[in-house]
Amino acid sequence: MGEMLVPGVGFEPTRACAQRILSPPRLPFRHPGLRRMIRALARRISQLMGRLEQRIFRLNDEIGRFEAELHQARAELGVHRHLADDAARDAAVSESPFDREDARETSADVARFERLVEHLEAQIGDVTAKRDRLLDKL
């Protein structure tokens, strides 16, 4: 038999020294657009959260304005109730047509301020409910 020699190059060509095995050049594989997509998604989420926060701040400001107006309306309602009581007493004592007219007008003022207070309380409730729904989204 003849001498058997191992050929220098077999079925596959020899690899360069820098390449040890097949798996390191393949791993870890990162798609070049993946980071860009993640950053864009994070920016979009941040923008949406920022808009939600701005809407919540605006609603808080609106609630504050309504509460200040409600406080003022309640104070004026108290004054008008006092004036209506005085006018009703004056009308009962003097029986003057002017006093009776004054009593009717002050009574109408009390009713108007009571409706205003109810309206403001309803608005505060609506805006508060809207704000709470937005807070639940955060």
# chains A, B, ... in the order shown; residues from 1 in each chain; ligands from 1
call {"tool": "residues_around", "arguments": {"residues": "A:Leu59", "least_positions_apart": "2", "cutoff": "12 Å", "atoms": "only C-alpha atoms", "output": "PyMOL selection string"}}
result
chain A and resi 52-57+61-66+123-135
call {"tool": "closest_residue", "arguments": {"among": "A:Asp136, A:His80, A:Arg36, A:Arg51", "to": "A:Ala111", "atoms": "only C-alpha atoms"}}
result
A:His80
call {"tool": "atom_distance", "arguments": {"atom1": "atom CA of A:Ala122", "atom2": "atom CA of A:Ala103"}}
result
28.8 Å
